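Report on the following structure.
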Amino acid sequence: QAPGPAAPRRRLPRLGGVAFAGVVLIAAGLFETVGRPGSVERPSPAQAQYELGRQYWNERLSQPQADAARQAFRNAIRLDPRFALAHVGLADSYLFESEKTGIVEDEIRAALALNPNLGEAYASLGFLRMFHRQDWSGAEEAFQRSLQLSPQYATAHHWHGTLLLVRARLNEARAELERAASLDLLSVPIAADLAALAYYEGN
């Protein structure tokens with residue numbers, strides 16, 4: 001009698017070498033960082049609301065998302081009145097509306113009163129000066145201050161790159177926008193501005 005078919009061998013999902021190495025490194029990092037179960041530090045309720053607001057704001061696609069972001073930032077401020085970043089988030093949620101610059105200025109001022117060395121607040125100030133005031137030198141000064149205080153803040157690199165693009169300093173703009181993209185790999189606004197830069201480069 002002919003033998004039956006061999007039982008199928010169990011196979012791991014096919015992963016490329018780089019992807020598999022990444023999984024191993026992430027797992028090792030989690031094991032080292034987390035240690036025992038239950039030892040992960042959870043964000044505070046205010047921090048969780050702030051992060052939710054940033055998720056909505058990063059999409060920047062519709063008014064309902066903007067409203068949801070603002071509500072989350074307000075919740076964060078209510079939960080922790082001294083949470084300076086939540087004021088920055090609320091300022092950013094109004095940055096693209098010309099009739100709301102007064103709110104933006106008030107929230108930036110509140111954030112800096114709580115933390116004078118908050119780089120994220122200076123990035124918002126730079127955008128306000130650039131987008132609404134056409135104050136190029138004032139915007140450059142604010143962005144440089146932001147990058148000095150928060151060099152890993154992708155939005156500061158993004159908006160500084162936008163200023164450099166507006167000023168037709170294309171090589172410098174590309175360096176800043178590519179730096180922003182490397183810090184926030186999934187940002188659609190950063191990718192869109194890189195596409196705009198390529199257009200002006202004739203590429």
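A note on labels: chains of the structure tokens are A, B, ... as shown, every chain counts residues from 1, and ligands are counted from 1 in their shown order.
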
task = With a distance cut-off of 8 Å and only C-alpha atoms, select the neighbouring residues of region 97-108 of chain A, excluding the residue or stretch itself and same-chain residues fewer than 2 positions from it, and output the selection as a PyMOL selection string.
result = chain A and resi 87-88+90-92+94-95+110-112+121+124-125+128+132

Writer output for current selection, N, CA and C atoms, as an mmCIF file, in the first residue's frame:
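Below you can see out-v6.cif, which holds the result:
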```cif
data_model
loop_
_atom_site.group_PDB
_atom_site.id
_atom_site.type_symbol
_atom_site.label_atom_id
_atom_site.label_comp_id
_atom_site.auth_asym_id
_atom_site.auth_seq_id
_atom_site.Cartn_x
_atom_site.Cartn_y
_atom_site.Cartn_z
ATOM 1 N N HIS A 87 -1.868 72.912 25.372
ATOM 2 C CA HIS A 87 -2.124 74.261 24.842
ATOM 3 C C HIS A 87 -1.527 74.406 23.447
ATOM 4 N N VAL A 88 -0.357 73.828 23.224
ATOM 5 C CA VAL A 88 0.245 73.863 21.881
ATOM 6 C C VAL A 88 -0.646 73.120 20.892
ATOM 7 N N LEU A 90 -3.858 72.660 21.043
ATOM 8 C CA LEU A 90 -5.051 73.459 20.764
ATOM 9 C C LEU A 90 -4.711 74.618 19.833
ATOM 10 N N ALA A 91 -3.560 75.258 20.043
ATOM 11 C CA ALA A 91 -3.127 76.319 19.129
ATOM 12 C C ALA A 91 -2.983 75.782 17.710
ATOM 13 N N ASP A 92 -2.341 74.628 17.567
ATOM 14 C CA ASP A 92 -2.113 74.056 16.236
ATOM 15 C C ASP A 92 -3.425 73.733 15.531
ATOM 16 N N TYR A 94 -5.986 75.409 15.376
ATOM 17 C CA TYR A 94 -6.558 76.626 14.776
ATOM 18 C C TYR A 94 -5.587 77.331 13.831
ATOM 19 N N LEU A 95 -4.396 76.783 13.645
ATOM 20 C CA LEU A 95 -3.345 77.509 12.928
ATOM 21 C C LEU A 95 -3.689 77.832 11.478
ATOM 22 N N ALA A 110 -0.027 80.825 26.659
ATOM 23 C CA ALA A 110 -0.299 79.995 27.839
ATOM 24 C C ALA A 110 0.726 78.874 27.965
ATOM 25 N N ALA A 111 1.069 78.256 26.829
ATOM 26 C CA ALA A 111 2.049 77.164 26.856
ATOM 27 C C ALA A 111 3.411 77.663 27.321
ATOM 28 N N LEU A 112 3.849 78.814 26.805
ATOM 29 C CA LEU A 112 5.164 79.329 27.166
ATOM 30 C C LEU A 112 5.193 79.865 28.594
ATOM 31 N N ALA A 121 6.075 74.871 21.211
ATOM 32 C CA ALA A 121 5.370 76.155 21.182
ATOM 33 C C ALA A 121 6.040 77.133 20.219
ATOM 34 N N SER A 124 4.994 76.433 16.655
ATOM 35 C CA SER A 124 3.675 76.998 16.347
ATOM 36 C C SER A 124 3.772 78.504 16.141
ATOM 37 N N LEU A 125 4.597 79.155 16.954
ATOM 38 C CA LEU A 125 4.807 80.594 16.787
ATOM 39 C C LEU A 125 5.437 80.893 15.430
ATOM 40 N N LEU A 128 2.772 80.617 12.782
ATOM 41 C CA LEU A 128 1.894 81.788 12.845
ATOM 42 C C LEU A 128 2.539 82.974 12.140
ATOM 43 N N HIS A 132 0.569 83.614 8.584
ATOM 44 C CA HIS A 132 -0.404 84.690 8.751
ATOM 45 C C HIS A 132 0.209 86.092 8.714
#
```

When you look at region 182-194 of chain A with a cut-off of 10 Å (counting only C-alpha atoms), what residues show up, excluding the ones that are within fewer than 4 positions of it in the same chain? I need them as a ChimeraX atom specification. /A:58-60,152-155,157-159,161-162,165,173-174,176-178,198-200

Selection from above, N, CA, C and O atoms, as a compact mmCIF listing (two decimals), in the first residue's frame, can you write it?
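Result went into selection_19.txt, see below:
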```txt
# COMPACT_ATOMS: atom_id res chain seq x y z
N ASN A 58 -3.15 65.18 13.11
CA ASN A 58 -2.19 64.76 12.09
C ASN A 58 -2.87 64.39 10.77
O ASN A 58 -2.24 64.47 9.71
N GLU A 59 -4.13 63.99 10.82
CA GLU A 59 -4.83 63.65 9.59
C GLU A 59 -5.25 64.90 8.82
O GLU A 59 -5.16 64.95 7.60
N ARG A 60 -5.74 65.91 9.53
CA ARG A 60 -6.07 67.21 8.94
C ARG A 60 -6.86 67.08 7.63
O ARG A 60 -6.52 67.68 6.61
N GLN A 152 14.23 66.82 17.82
CA GLN A 152 13.59 65.64 17.25
C GLN A 152 12.12 65.88 16.91
O GLN A 152 11.39 64.93 16.60
N TYR A 153 11.67 67.12 16.97
CA TYR A 153 10.26 67.44 16.71
C TYR A 153 10.04 67.55 15.21
O TYR A 153 10.46 68.52 14.57
N ALA A 154 9.38 66.57 14.63
CA ALA A 154 9.21 66.50 13.18
C ALA A 154 8.48 67.72 12.63
O ALA A 154 8.84 68.23 11.55
N THR A 155 7.47 68.19 13.33
CA THR A 155 6.69 69.32 12.83
C THR A 155 7.53 70.58 12.69
O THR A 155 7.33 71.37 11.76
N HIS A 157 10.76 70.72 11.94
CA HIS A 157 11.53 70.55 10.70
C HIS A 157 10.62 70.73 9.48
O HIS A 157 11.03 71.35 8.48
N HIS A 158 9.41 70.20 9.56
CA HIS A 158 8.46 70.31 8.45
C HIS A 158 8.15 71.77 8.14
O HIS A 158 8.28 72.22 6.99
N TRP A 159 7.76 72.51 9.16
CA TRP A 159 7.35 73.89 8.93
C TRP A 159 8.55 74.78 8.59
O TRP A 159 8.42 75.72 7.80
N GLY A 161 11.06 73.69 6.88
CA GLY A 161 11.26 73.36 5.47
C GLY A 161 10.29 74.10 4.58
O GLY A 161 10.64 74.54 3.48
N THR A 162 9.05 74.26 5.05
CA THR A 162 8.06 75.01 4.28
C THR A 162 8.48 76.47 4.12
O THR A 162 8.35 77.06 3.04
N LEU A 165 11.15 76.64 1.58
CA LEU A 165 10.57 76.48 0.25
C LEU A 165 9.95 77.78 -0.23
O LEU A 165 10.16 78.21 -1.38
N ALA A 173 15.48 73.48 1.97
CA ALA A 173 14.12 72.99 2.21
C ALA A 173 14.07 71.46 2.11
O ALA A 173 13.44 70.80 2.94
N ARG A 174 14.74 70.90 1.11
CA ARG A 174 14.74 69.44 0.97
C ARG A 174 15.38 68.78 2.18
O ARG A 174 14.88 67.77 2.69
N GLU A 176 15.49 69.82 5.24
CA GLU A 176 14.59 69.89 6.39
C GLU A 176 13.38 68.97 6.23
O GLU A 176 12.97 68.30 7.17
N LEU A 177 12.79 68.95 5.04
CA LEU A 177 11.61 68.11 4.84
C LEU A 177 11.96 66.63 4.90
O LEU A 177 11.18 65.82 5.42
N GLU A 178 13.13 66.27 4.39
CA GLU A 178 13.54 64.86 4.50
C GLU A 178 13.84 64.49 5.94
O GLU A 178 13.56 63.37 6.37
N ALA A 198 9.37 68.76 -4.89
CA ALA A 198 9.84 68.12 -6.12
C ALA A 198 9.29 68.82 -7.36
O ALA A 198 9.98 68.97 -8.37
N TYR A 199 8.04 69.28 -7.27
CA TYR A 199 7.44 70.03 -8.38
C TYR A 199 8.23 71.30 -8.65
O TYR A 199 8.57 71.62 -9.80
N TYR A 200 8.54 72.05 -7.59
CA TYR A 200 9.26 73.31 -7.79
C TYR A 200 10.71 73.07 -8.20
O TYR A 200 11.33 73.94 -8.81
```

Taking the chain letters and numbering used in this document, name the residues of region 54-187 of chain A that DSSP puts in helix (DSSP H, G or I), as a PyMOL selection string. chain A and resi 54-59+63-79+84-93+98-114+119-133+136-149+154-166+170-183

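By chain and then residue number, the residues within 8 Å of Ala139 (chain A) are Leu125, Gly126, Phe127, Leu128, Arg129, Met130 and Leu163 of chain A, counting only C-alpha atoms and disregarding those fewer than 6 positions away in sequence.
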
Expressed in Å, the length from CA of Arg70 (chain A) to CA of Glu51 (chain A) is 11.7 Å
